[in-house]
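Asks: Dropping a structure here in structure tokens format, bear with me for questions.
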Amino acid sequence: MKVPAVPAARAIPSLIRALRHPFVQAPMAGGPSTPALAAAVSEAGGLGFLAAGYRTAAALREDVAQLRALTARPFGVNLFLPQPASYDRAAVEAYARRLAPEAERHGVPLGDPDGAVDDAYDEKLADLLADPVPVVSFTFGCPPAETLTALAAAGSLTVVTVTSAEEARAARAAGAHAVCAQGVEAGGHQSTHRDGDTSRLVPLLTLLAEVRQAVDLPVIAAGGLMRGEQIAAVLAAGACAAQLGTAFLACPESGAHPFHKRALTDPRYEGTELTRAFSGRPARGLVNRFLREHGPAAPSAYPQVHHLTSALRKAAAAAGDAGAVNLWAGQGHRLARDLPAGELVGVLAAELDAARPRLRVRESERES
């Protein structure tokens, strides 16, 4: 599907209006985002997304081909920006010594922290320029202006994920069509452009107001959204659409491990925390044994720690050890619903329709 032939400032809102519902299925790297999930969301009237993160370029090409075979409706692909190669080697080596008993318990060696830092970015980008998709979004940074210009010329709309007004201004300066404002409530990795002090991360509604004041771009809101009333609230606050990840994690089309899906509503998990334990970058997950025991000692080193723990996490998942794997989840995880993705979109739409009049009543009561 071609993107709307309108000025850049109106391109994303035009696309959202062309959807039946202002819902974006968040790209969830590492397995949860599948062609089946993206297709189901797009077919139901939202915007499905594929996650290119941790996929080979060949695997991403196959994912795009499968998705196109399942739907002719718009969809997006998310890319991870290459990360700095430098890191505190001594800190990572100390963390490896700490994790050695975990690896021994599962009968696997720890991975090489000096693995690739670019996630095959250049090859994936070249494929998307040669075979454009409707929307391309970016995580962990903002690409240069020439990249965004080339994607726009190829016919793709571009979205940069941001966690601050400063990052939003950088995205606008580079020529992004829109930004996705990710609040601290979001599950999985925080899409900061530089790994730094997590105390500066703010809740979604605060971030949404700051970003809208900083830039005149369309803003997609993301972070802990699980119900139609929450979607209505961010739309009322000026977002053009709502992006949901954890809400779709429990769907049968999701590629998340079954114990991950069950854990979302399991009362034994008391909540979520931001941690570097599994990847070396701040990410929100359910508090399990590994996070509690190793999170405080994990260094700031991504993707080095990700490479270090990769085989260990895979072995733990194969063994059904939910205490030793990353159970990414947003703060609203207890509201997860085990519904087919298309049905969930319909439920969210009905909740949104019901919530909008209530929000208008509350607003008029505040003004009176």
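Just so we're on the same page: first chain in the structure tokens is A, next is B, and so on; residues restart at 1 for each chain, and ligands are numbered from 1 in the order they show up.
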Looking only at strand (DSSP E) from DSSP on the backbone, list the matching residues of stretch 19-61 of chain A as JSON, numbers by chain.
Replies: {"A": [23, 24, 25, 48, 49, 50, 51]}
Asks: Which residues come within 6 Å of stretch 272-277 of chain A, counting only C-alpha atoms, excluding same-chain residues fewer than 2 positions away, as a ChimeraX atom specification?
Replies: /A:279-287,291,294-295,298
Asks: Considering only C-alpha atoms, return as a tab-separated table (two decimals) with all heavy atoms, in the first residue's frame whatever protein or nucleic-acid residues lie within 6 Å of stretch 43-52 of chain A, sequence-local ones (same chain, fewer than 4 positions apart) excluded.
Replies:
```tsv
chain	number	residue	atom	x	y	z
A	19	LEU	N	-6.91	4.20	8.86
A	19	LEU	CA	-7.16	2.98	9.64
A	19	LEU	C	-8.54	3.07	10.26
A	19	LEU	O	-9.11	4.14	10.44
A	19	LEU	CB	-6.12	2.84	10.76
A	19	LEU	CG	-4.64	2.87	10.35
A	19	LEU	CD1	-3.76	2.85	11.61
A	19	LEU	CD2	-4.30	1.68	9.46
A	20	ARG	N	-9.09	1.92	10.64
A	20	ARG	CA	-10.39	1.95	11.33
A	20	ARG	C	-10.23	2.39	12.77
A	20	ARG	O	-11.15	2.96	13.37
A	20	ARG	CB	-11.05	0.57	11.26
A	20	ARG	CG	-11.53	0.18	9.87
A	20	ARG	CD	-12.59	-0.92	9.91
A	20	ARG	NE	-12.08	-2.18	10.44
A	20	ARG	CZ	-11.40	-3.07	9.72
A	20	ARG	NH1	-11.13	-2.83	8.44
A	20	ARG	NH2	-11.00	-4.20	10.26
A	21	HIS	N	-9.05	2.12	13.35
A	21	HIS	CA	-8.83	2.43	14.77
A	21	HIS	C	-7.43	3.01	14.95
A	21	HIS	O	-6.49	2.57	14.30
A	21	HIS	CB	-8.97	1.17	15.63
A	21	HIS	CG	-10.23	0.40	15.36
A	21	HIS	ND1	-11.48	0.92	15.60
A	21	HIS	CD2	-10.42	-0.85	14.85
A	21	HIS	CE1	-12.39	0.02	15.27
A	21	HIS	NE2	-11.77	-1.05	14.81
A	23	PHE	N	-4.88	2.54	16.65
A	23	PHE	CA	-4.09	1.64	17.48
A	23	PHE	C	-2.88	1.16	16.69
A	23	PHE	O	-3.00	0.74	15.54
A	23	PHE	CB	-4.89	0.40	17.89
A	23	PHE	CG	-6.24	0.67	18.50
A	23	PHE	CD1	-7.25	-0.26	18.40
A	23	PHE	CD2	-6.49	1.85	19.20
A	23	PHE	CE1	-8.50	-0.03	18.96
A	23	PHE	CE2	-7.74	2.10	19.76
A	23	PHE	CZ	-8.75	1.15	19.64
A	24	VAL	N	-1.73	1.19	17.34
A	24	VAL	CA	-0.50	0.66	16.77
A	24	VAL	C	-0.05	-0.49	17.65
A	24	VAL	O	0.05	-0.35	18.87
A	24	VAL	CB	0.60	1.73	16.70
A	24	VAL	CG1	1.90	1.15	16.13
A	24	VAL	CG2	0.14	2.93	15.87
A	25	GLN	N	0.21	-1.63	17.04
A	25	GLN	CA	0.77	-2.77	17.78
A	25	GLN	C	2.26	-2.57	17.87
A	25	GLN	O	2.95	-2.46	16.86
A	25	GLN	CB	0.44	-4.09	17.07
A	25	GLN	CG	1.23	-5.30	17.55
A	25	GLN	CD	2.16	-5.80	16.47
A	25	GLN	OE1	1.76	-5.98	15.33
A	25	GLN	NE2	3.41	-6.02	16.83
A	27	PRO	N	6.17	-2.91	18.08
A	27	PRO	CA	7.14	-3.93	17.67
A	27	PRO	C	7.85	-4.46	18.91
A	27	PRO	O	8.41	-3.69	19.69
A	27	PRO	CB	8.09	-3.17	16.75
A	27	PRO	CG	7.99	-1.75	17.20
A	27	PRO	CD	6.59	-1.55	17.69
A	28	MET	N	7.84	-5.78	19.11
A	28	MET	CA	8.45	-6.40	20.29
A	28	MET	C	9.49	-7.39	19.82
A	28	MET	O	9.18	-8.49	19.36
A	28	MET	CB	7.37	-7.08	21.14
A	28	MET	CG	6.35	-6.10	21.72
A	28	MET	SD	4.97	-6.89	22.58
A	28	MET	CE	3.95	-7.43	21.17
A	29	ALA	N	10.76	-6.98	19.92
A	29	ALA	CA	11.86	-7.80	19.41
A	29	ALA	C	12.09	-9.03	20.28
A	29	ALA	O	11.70	-9.07	21.44
A	29	ALA	CB	13.14	-6.96	19.34
A	33	SER	N	6.79	-10.37	18.35
A	33	SER	CA	6.20	-9.81	17.14
A	33	SER	C	6.36	-10.79	15.98
A	33	SER	O	7.48	-11.09	15.57
A	33	SER	CB	6.87	-8.47	16.78
A	33	SER	OG	6.50	-7.48	17.71
A	38	ALA	N	1.05	-9.14	13.50
A	38	ALA	CA	0.93	-7.88	12.77
A	38	ALA	C	-0.22	-7.91	11.78
A	38	ALA	O	-0.98	-6.94	11.65
A	38	ALA	CB	2.25	-7.57	12.05
A	39	ALA	N	-0.38	-9.03	11.09
A	39	ALA	CA	-1.46	-9.15	10.11
A	39	ALA	C	-2.82	-9.08	10.78
A	39	ALA	O	-3.75	-8.43	10.28
A	39	ALA	CB	-1.32	-10.44	9.33
A	75	PHE	N	1.26	-1.66	7.32
A	75	PHE	CA	1.99	-2.21	8.47
A	75	PHE	C	3.32	-1.47	8.56
A	75	PHE	O	3.68	-0.67	7.70
A	75	PHE	CB	2.21	-3.72	8.32
A	75	PHE	CG	3.11	-4.10	7.15
A	75	PHE	CD1	4.48	-4.23	7.31
A	75	PHE	CD2	2.56	-4.31	5.89
A	75	PHE	CE1	5.29	-4.56	6.24
A	75	PHE	CE2	3.37	-4.64	4.81
A	75	PHE	CZ	4.75	-4.77	4.98
A	76	GLY	N	4.06	-1.75	9.62
A	76	GLY	CA	5.35	-1.10	9.81
A	76	GLY	C	6.44	-2.09	10.15
A	76	GLY	O	6.17	-3.25	10.50
A	77	VAL	N	7.68	-1.62	10.06
A	77	VAL	CA	8.86	-2.39	10.45
A	77	VAL	C	9.71	-1.49	11.34
A	77	VAL	O	9.91	-0.31	11.02
A	77	VAL	CB	9.69	-2.85	9.23
A	77	VAL	CG1	11.02	-3.46	9.68
A	77	VAL	CG2	8.90	-3.84	8.40
A	78	ASN	N	10.18	-2.03	12.45
A	78	ASN	CA	11.00	-1.27	13.39
A	78	ASN	C	12.45	-1.72	13.33
A	78	ASN	O	12.74	-2.92	13.33
A	78	ASN	CB	10.47	-1.45	14.82
A	78	ASN	CG	11.36	-0.79	15.86
A	78	ASN	OD1	12.16	-1.44	16.50
A	78	ASN	ND2	11.21	0.51	16.00
A	79	LEU	N	13.37	-0.75	13.28
A	79	LEU	CA	14.80	-1.03	13.23
A	79	LEU	C	15.49	-0.53	14.50
A	79	LEU	O	15.14	0.53	15.03
A	79	LEU	CB	15.45	-0.32	12.04
A	79	LEU	CG	15.03	-0.74	10.63
A	79	LEU	CD1	15.71	0.16	9.61
A	79	LEU	CD2	15.37	-2.20	10.38
A	342	GLY	N	-7.18	-9.84	16.64
A	342	GLY	CA	-8.25	-9.12	15.98
A	342	GLY	C	-9.42	-8.85	16.92
A	342	GLY	O	-10.01	-7.76	16.90
```
Asks: Quick one: residues within 10 Å of stretch 231-238 of chain A, only C-alpha atoms, excluding same-chain residues fewer than 6 positions away - as an mmCIF file with N, CA and C atoms, in the first residue's frame?
Replies:
```cif
data_model
loop_
_atom_site.group_PDB
_atom_site.id
_atom_site.type_symbol
_atom_site.label_atom_id
_atom_site.label_comp_id
_atom_site.auth_asym_id
_atom_site.auth_seq_id
_atom_site.Cartn_x
_atom_site.Cartn_y
_atom_site.Cartn_z
ATOM 1 N N PRO A 22 -7.275 3.985 15.857
ATOM 2 C CA PRO A 22 -5.965 4.626 16.066
ATOM 3 C C PRO A 22 -5.062 3.807 16.986
ATOM 4 N N PHE A 23 -4.881 2.543 16.654
ATOM 5 C CA PHE A 23 -4.093 1.635 17.478
ATOM 6 C C PHE A 23 -2.885 1.157 16.693
ATOM 7 N N LEU A 204 4.081 8.627 30.832
ATOM 8 C CA LEU A 204 3.628 8.913 29.481
ATOM 9 C C LEU A 204 2.902 10.246 29.352
ATOM 10 N N LEU A 205 1.947 10.525 30.206
ATOM 11 C CA LEU A 205 1.178 11.761 30.039
ATOM 12 C C LEU A 205 2.057 12.995 30.202
ATOM 13 N N THR A 206 3.019 12.934 31.111
ATOM 14 C CA THR A 206 3.959 14.041 31.255
ATOM 15 C C THR A 206 4.821 14.163 30.007
ATOM 16 N N LEU A 208 4.160 13.117 27.006
ATOM 17 C CA LEU A 208 3.333 13.537 25.873
ATOM 18 C C LEU A 208 3.175 15.062 25.856
ATOM 19 N N ALA A 209 2.929 15.652 27.007
ATOM 20 C CA ALA A 209 2.794 17.109 27.080
ATOM 21 C C ALA A 209 4.112 17.797 26.734
ATOM 22 N N ARG A 212 4.824 17.410 22.893
ATOM 23 C CA ARG A 212 3.928 18.235 22.081
ATOM 24 C C ARG A 212 4.286 19.718 22.190
ATOM 25 N N PRO A 218 3.270 14.966 14.619
ATOM 26 C CA PRO A 218 2.315 14.014 15.184
ATOM 27 C C PRO A 218 3.015 13.123 16.207
ATOM 28 N N VAL A 219 2.315 12.813 17.283
ATOM 29 C CA VAL A 219 2.899 12.013 18.363
ATOM 30 C C VAL A 219 2.055 10.762 18.591
ATOM 31 N N ILE A 220 2.706 9.616 18.526
ATOM 32 C CA ILE A 220 2.096 8.344 18.907
ATOM 33 C C ILE A 220 2.472 8.097 20.361
ATOM 34 N N ALA A 221 1.503 7.746 21.193
ATOM 35 C CA ALA A 221 1.744 7.578 22.626
ATOM 36 C C ALA A 221 1.927 6.109 22.970
ATOM 37 N N ALA A 222 2.958 5.803 23.770
ATOM 38 C CA ALA A 222 3.236 4.419 24.152
ATOM 39 C C ALA A 222 3.662 4.364 25.613
ATOM 40 N N LEU A 225 -0.311 1.180 28.147
ATOM 41 C CA LEU A 225 -1.702 1.295 27.701
ATOM 42 C C LEU A 225 -2.308 -0.088 27.489
ATOM 43 N N LEU A 244 0.429 -0.057 21.657
ATOM 44 C CA LEU A 244 0.286 -1.031 22.732
ATOM 45 C C LEU A 244 1.165 -2.251 22.441
ATOM 46 N N LEU A 348 -10.933 -3.219 22.343
ATOM 47 C CA LEU A 348 -10.335 -1.912 22.630
ATOM 48 C C LEU A 348 -11.116 -0.787 21.956
ATOM 49 N N ALA A 349 -11.558 -1.029 20.726
ATOM 50 C CA ALA A 349 -12.328 -0.016 20.001
ATOM 51 C C ALA A 349 -13.644 0.273 20.711
ATOM 52 N N GLU A 351 -14.255 -0.162 23.907
ATOM 53 C CA GLU A 351 -13.930 0.548 25.147
ATOM 54 C C GLU A 351 -13.598 2.011 24.865
ATOM 55 N N LEU A 352 -12.889 2.269 23.785
ATOM 56 C CA LEU A 352 -12.562 3.645 23.418
ATOM 57 C C LEU A 352 -13.824 4.434 23.125
ATOM 58 N N ASP A 353 -14.742 3.865 22.368
ATOM 59 C CA ASP A 353 -15.993 4.545 22.041
ATOM 60 C C ASP A 353 -16.787 4.859 23.307
ATOM 61 N N ALA A 354 -16.776 3.926 24.260
ATOM 62 C CA ALA A 354 -17.520 4.143 25.504
ATOM 63 C C ALA A 354 -16.850 5.179 26.392
ATOM 64 N N ALA A 355 -15.518 5.274 26.305
ATOM 65 C CA ALA A 355 -14.777 6.165 27.202
ATOM 66 C C ALA A 355 -14.810 7.611 26.751
ATOM 67 N N ARG A 356 -14.887 7.856 25.466
ATOM 68 C CA ARG A 356 -14.798 9.227 24.973
ATOM 69 C C ARG A 356 -15.867 10.144 25.558
ATOM 70 N N PRO A 357 -17.145 9.746 25.617
ATOM 71 C CA PRO A 357 -18.145 10.634 26.237
ATOM 72 C C PRO A 357 -17.848 10.894 27.710
ATOM 73 N N ARG A 358 -17.346 9.878 28.430
ATOM 74 C CA ARG A 358 -17.032 10.067 29.847
ATOM 75 C C ARG A 358 -15.920 11.088 30.030
ATOM 76 N N LEU A 359 -14.915 11.052 29.142
ATOM 77 C CA LEU A 359 -13.826 12.025 29.229
ATOM 78 C C LEU A 359 -14.341 13.438 28.985
ATOM 79 N N ARG A 360 -15.264 13.577 28.014
ATOM 80 C CA ARG A 360 -15.824 14.910 27.752
ATOM 81 C C ARG A 360 -16.609 15.433 28.944
ATOM 82 N N GLU A 363 -14.126 16.568 31.592
ATOM 83 C CA GLU A 363 -13.488 17.820 31.201
ATOM 84 C C GLU A 363 -14.438 18.977 31.454
#
```
Asks: Skip A:Pro109 itself and residues of its chain fewer than 4 positions away, then list as number ranges by chain all residues within 9 Å of it, counting only C-alpha atoms.
Replies: A: 100, 103-104, 311-312
Asks: Deliver the residues from the most recent selection as a file, using N, CA and C atoms, as a compact mmCIF listing (two decimals), in the first residue's frame.
Replies:
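What follows is the written file result_10.txt:
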```txt
# COMPACT_ATOMS: atom_id res chain seq x y z
N ALA A 100 28.49 -16.92 35.86
CA ALA A 100 29.03 -18.24 35.51
C ALA A 100 28.26 -19.39 36.15
N ALA A 103 25.09 -20.06 34.10
CA ALA A 103 25.37 -20.75 32.85
C ALA A 103 25.68 -22.22 33.10
N GLU A 104 26.45 -22.48 34.14
CA GLU A 104 26.79 -23.88 34.47
C GLU A 104 25.54 -24.67 34.83
N ALA A 311 22.63 -17.10 25.22
CA ALA A 311 22.53 -18.56 25.27
C ALA A 311 21.92 -19.02 26.59
N LEU A 312 22.26 -18.34 27.67
CA LEU A 312 21.71 -18.68 28.99
C LEU A 312 20.20 -18.52 29.00
```
Asks: Check the smallest atom-to-atom distance from each of A:Pro132, A:Gly141, A:Gly30, A:Gly53 to A:Val325 using only C-alpha atoms, then report the winner.
Replies: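 Counting only C-alpha atoms, the residue closest to A:Val325 is A:Gly30.
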Asks: Within 8 Å of A:His307, counting only C-alpha atoms, which residues show up once you throw out same-chain ones fewer than 5 positions away? Write them as a PDB file with N, CA, C and O atoms, in the first residue's frame, please.
Replies:
```pdb
ATOM      1  N   GLY A 111      27.841 -16.155  26.423  1.00  0.00           N
ATOM      2  CA  GLY A 111      28.140 -15.688  25.080  1.00  0.00           C
ATOM      3  C   GLY A 111      29.308 -14.720  25.046  1.00  0.00           C
ATOM      4  O   GLY A 111      29.781 -14.234  26.079  1.00  0.00           O
ATOM      5  N   ASP A 112      29.764 -14.435  23.839  1.00  0.00           N
ATOM      6  CA  ASP A 112      30.856 -13.492  23.617  1.00  0.00           C
ATOM      7  C   ASP A 112      30.301 -12.077  23.627  1.00  0.00           C
ATOM      8  O   ASP A 112      29.505 -11.718  22.749  1.00  0.00           O
ATOM      9  N   PRO A 113      30.699 -11.251  24.586  1.00  0.00           N
ATOM     10  CA  PRO A 113      30.151  -9.881  24.616  1.00  0.00           C
ATOM     11  C   PRO A 113      30.561  -9.045  23.414  1.00  0.00           C
ATOM     12  O   PRO A 113      29.924  -8.025  23.127  1.00  0.00           O
ATOM     13  N   ASP A 114      31.616  -9.472  22.715  1.00  0.00           N
ATOM     14  CA  ASP A 114      32.079  -8.704  21.561  1.00  0.00           C
ATOM     15  C   ASP A 114      31.388  -9.116  20.266  1.00  0.00           C
ATOM     16  O   ASP A 114      32.001  -9.132  19.194  1.00  0.00           O
ATOM     17  N   GLY A 115      30.109  -9.444  20.353  1.00  0.00           N
ATOM     18  CA  GLY A 115      29.333  -9.735  19.159  1.00  0.00           C
ATOM     19  C   GLY A 115      28.993  -8.451  18.416  1.00  0.00           C
ATOM     20  O   GLY A 115      29.402  -7.346  18.798  1.00  0.00           O
ATOM     21  N   SER A 279      20.283  -7.405  29.397  1.00  0.00           N
ATOM     22  CA  SER A 279      20.817  -6.845  28.152  1.00  0.00           C
ATOM     23  C   SER A 279      21.850  -5.751  28.330  1.00  0.00           C
ATOM     24  O   SER A 279      22.528  -5.395  27.372  1.00  0.00           O
TER      25      SER A 279
END
```
Asks: If DSSP is run on the backbone, what residues of stretch 41-262 of chain A are alpha helix (DSSP H)? A reply as a VMD selection string would be ideal.
Replies: chain A and resid 41 to 43 57 to 70 89 to 106 121 to 130 145 to 154 165 to 174 204 to 214 228 to 236 246 to 249 258 to 262
Asks: Quick one: distance from atom CA of A:Ala90 to atom CA of A:His193 in Å, one decimal?
Replies: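 Between these atoms lies a distance of 24.0 Å.
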Asks: Between atom CA of A:Pro101 and atom CA of A:Asn326, measure the distance and give it in Å to one decimal.
Replies: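 The value is 17.7 Å.
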Asks: Could you check how far atom CA of A:Val117 sits from atom CA of A:Ala26, in Å to one decimal?
Replies: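 According to the coordinates, atom CA of A:Val117 and atom CA of A:Ala26 are separated by 22.7 Å.
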Asks: So which residues touch stretch 246-253 of chain A within 10 Å, counting only C-alpha atoms, skipping near sequence neighbours fewer than 2 positions away, as a short mmCIF file (atom, residue, chain, number, x, y, z; two decimals) with N, CA and C atoms, in the first residue's frame?
Replies:
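Output contents, as saved in part.cif:
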```cif
data_model
loop_
_atom_site.label_atom_id
_atom_site.label_comp_id
_atom_site.auth_asym_id
_atom_site.auth_seq_id
_atom_site.Cartn_x
_atom_site.Cartn_y
_atom_site.Cartn_z
N GLN A 25 0.21 -1.63 17.04
CA GLN A 25 0.77 -2.77 17.78
C GLN A 25 2.26 -2.57 17.87
N ALA A 26 2.77 -2.46 19.09
CA ALA A 26 4.19 -2.16 19.27
C ALA A 26 5.06 -3.27 18.72
N MET A 28 7.84 -5.78 19.11
CA MET A 28 8.45 -6.40 20.29
C MET A 28 9.49 -7.39 19.82
N PRO A 32 8.18 -12.04 20.25
CA PRO A 32 6.74 -11.79 20.35
C PRO A 32 6.10 -11.26 19.08
N SER A 33 6.79 -10.37 18.35
CA SER A 33 6.20 -9.81 17.14
C SER A 33 6.36 -10.79 15.98
N THR A 34 5.24 -11.27 15.47
CA THR A 34 5.23 -12.23 14.37
C THR A 34 4.42 -11.67 13.20
N PRO A 35 4.63 -12.20 12.01
CA PRO A 35 3.77 -11.78 10.89
C PRO A 35 2.29 -12.02 11.18
N ALA A 36 1.99 -13.12 11.85
CA ALA A 36 0.58 -13.42 12.16
C ALA A 36 -0.02 -12.36 13.08
N LEU A 37 0.74 -11.91 14.07
CA LEU A 37 0.24 -10.88 14.99
C LEU A 37 0.04 -9.56 14.26
N ALA A 38 1.05 -9.14 13.50
CA ALA A 38 0.93 -7.88 12.77
C ALA A 38 -0.22 -7.91 11.78
N ALA A 39 -0.38 -9.03 11.09
CA ALA A 39 -1.46 -9.15 10.11
C ALA A 39 -2.82 -9.08 10.78
N ALA A 40 -2.96 -9.75 11.92
CA ALA A 40 -4.25 -9.76 12.62
C ALA A 40 -4.63 -8.36 13.06
N VAL A 41 -3.67 -7.59 13.56
CA VAL A 41 -3.95 -6.23 14.00
C VAL A 41 -4.30 -5.34 12.81
N ALA A 186 6.36 1.78 29.95
CA ALA A 186 6.41 0.79 28.85
C ALA A 186 7.21 -0.45 29.22
N GLY A 187 6.78 -1.58 28.70
CA GLY A 187 7.52 -2.82 28.87
C GLY A 187 8.66 -2.91 27.88
N GLY A 188 9.62 -3.77 28.18
CA GLY A 188 10.77 -3.93 27.30
C GLY A 188 11.73 -2.77 27.42
N GLY A 223 3.22 3.31 26.30
CA GLY A 223 3.66 3.12 27.67
C GLY A 223 2.55 2.71 28.61
N GLY A 224 2.39 1.41 28.83
CA GLY A 224 1.45 0.90 29.82
C GLY A 224 0.00 0.94 29.41
N LEU A 225 -0.31 1.18 28.15
CA LEU A 225 -1.70 1.30 27.70
C LEU A 225 -2.31 -0.09 27.49
N MET A 226 -3.43 -0.35 28.17
CA MET A 226 -4.03 -1.68 28.14
C MET A 226 -5.54 -1.66 27.92
N ARG A 227 -6.18 -0.51 28.09
CA ARG A 227 -7.63 -0.40 28.01
C ARG A 227 -8.03 0.79 27.13
N GLN A 243 0.08 3.34 20.97
CA GLN A 243 0.85 2.13 20.68
C GLN A 243 0.81 1.21 21.88
N LEU A 244 0.43 -0.06 21.66
CA LEU A 244 0.29 -1.03 22.73
C LEU A 244 1.16 -2.25 22.44
N GLY A 255 4.44 -14.41 19.55
CA GLY A 255 5.45 -15.46 19.65
C GLY A 255 6.09 -15.55 21.01
N ALA A 256 5.54 -14.87 22.02
CA ALA A 256 6.09 -14.96 23.37
C ALA A 256 5.95 -16.38 23.90
N HIS A 257 6.88 -16.78 24.76
CA HIS A 257 6.83 -18.12 25.36
C HIS A 257 5.55 -18.26 26.18
N PRO A 258 4.94 -19.45 26.19
CA PRO A 258 3.71 -19.63 26.98
C PRO A 258 3.85 -19.22 28.44
N HIS A 260 5.70 -16.91 29.61
CA HIS A 260 5.73 -15.45 29.62
C HIS A 260 4.30 -14.91 29.58
N LYS A 261 3.48 -15.49 28.72
CA LYS A 261 2.08 -15.06 28.62
C LYS A 261 1.35 -15.30 29.94
N ARG A 262 1.57 -16.47 30.54
CA ARG A 262 0.90 -16.77 31.81
C ARG A 262 1.37 -15.85 32.92
N ALA A 263 2.66 -15.49 32.90
CA ALA A 263 3.22 -14.68 33.97
C ALA A 263 2.60 -13.30 34.06
N LEU A 264 2.08 -12.79 32.95
CA LEU A 264 1.54 -11.44 32.93
C LEU A 264 0.45 -11.24 33.98
N THR A 265 -0.36 -12.25 34.20
CA THR A 265 -1.46 -12.15 35.16
C THR A 265 -1.27 -13.06 36.37
N TRP A 328 9.68 -9.42 29.73
CA TRP A 328 9.36 -8.01 29.50
C TRP A 328 7.86 -7.78 29.64
N ALA A 329 7.51 -6.69 30.31
CA ALA A 329 6.10 -6.35 30.51
C ALA A 329 5.99 -4.91 30.97
N GLY A 330 4.93 -4.23 30.53
CA GLY A 330 4.65 -2.88 30.98
C GLY A 330 3.95 -2.88 32.33
N GLN A 331 3.81 -1.69 32.90
CA GLN A 331 3.22 -1.59 34.24
C GLN A 331 1.77 -2.06 34.29
N GLY A 332 1.09 -2.07 33.16
CA GLY A 332 -0.31 -2.51 33.15
C GLY A 332 -0.48 -3.99 32.88
N HIS A 333 0.55 -4.79 33.10
CA HIS A 333 0.53 -6.20 32.67
C HIS A 333 -0.61 -7.00 33.26
N ARG A 334 -1.07 -6.66 34.46
CA ARG A 334 -2.16 -7.45 35.07
C ARG A 334 -3.48 -7.31 34.30
N LEU A 335 -3.56 -6.33 33.41
CA LEU A 335 -4.77 -6.13 32.62
C LEU A 335 -4.72 -6.87 31.28
N ALA A 336 -3.71 -7.70 31.10
CA ALA A 336 -3.58 -8.46 29.84
C ALA A 336 -4.76 -9.41 29.67
N ARG A 337 -5.17 -9.58 28.40
CA ARG A 337 -6.31 -10.45 28.09
C ARG A 337 -5.90 -11.47 27.02
N ASP A 338 -6.21 -12.70 27.29
CA ASP A 338 -5.87 -13.79 26.36
C ASP A 338 -6.95 -13.87 25.29
N LEU A 339 -6.83 -12.97 24.31
CA LEU A 339 -7.80 -12.90 23.22
C LEU A 339 -7.06 -12.92 21.89
N PRO A 340 -7.65 -13.46 20.84
CA PRO A 340 -7.05 -13.29 19.51
C PRO A 340 -6.85 -11.80 19.22
N ALA A 341 -5.78 -11.48 18.52
CA ALA A 341 -5.42 -10.08 18.33
C ALA A 341 -6.53 -9.27 17.66
N GLY A 342 -7.18 -9.84 16.64
CA GLY A 342 -8.25 -9.12 15.98
C GLY A 342 -9.42 -8.85 16.92
N GLU A 343 -9.73 -9.83 17.75
CA GLU A 343 -10.81 -9.64 18.72
C GLU A 343 -10.43 -8.59 19.75
N LEU A 344 -9.17 -8.60 20.18
CA LEU A 344 -8.71 -7.60 21.14
C LEU A 344 -8.82 -6.19 20.57
N VAL A 345 -8.48 -6.01 19.31
CA VAL A 345 -8.64 -4.69 18.68
C VAL A 345 -10.09 -4.25 18.74
N LEU A 348 -10.93 -3.22 22.34
CA LEU A 348 -10.34 -1.91 22.63
C LEU A 348 -11.12 -0.79 21.96
#
```
Asks: Rank A:Arg73, A:Asp119, A:Gly107, A:Thr192 by their smallest atom-to-atom distance to A:Val135, using only C-alpha atoms, and report the top residue only.
Replies: A:Arg73
Asks: Return the single residue from A:Asp195, A:Glu102, A:Asp216, A:Glu146 that is closest to A:Gln83, with distances computed using only C-alpha atoms.
Replies: A:Asp195
Asks: Using only C-alpha atoms, which of the listed residues (A:Val162, A:Gly245, A:Leu129, A:Glu210) sits closest to A:Arg194?
Replies: A:Val162
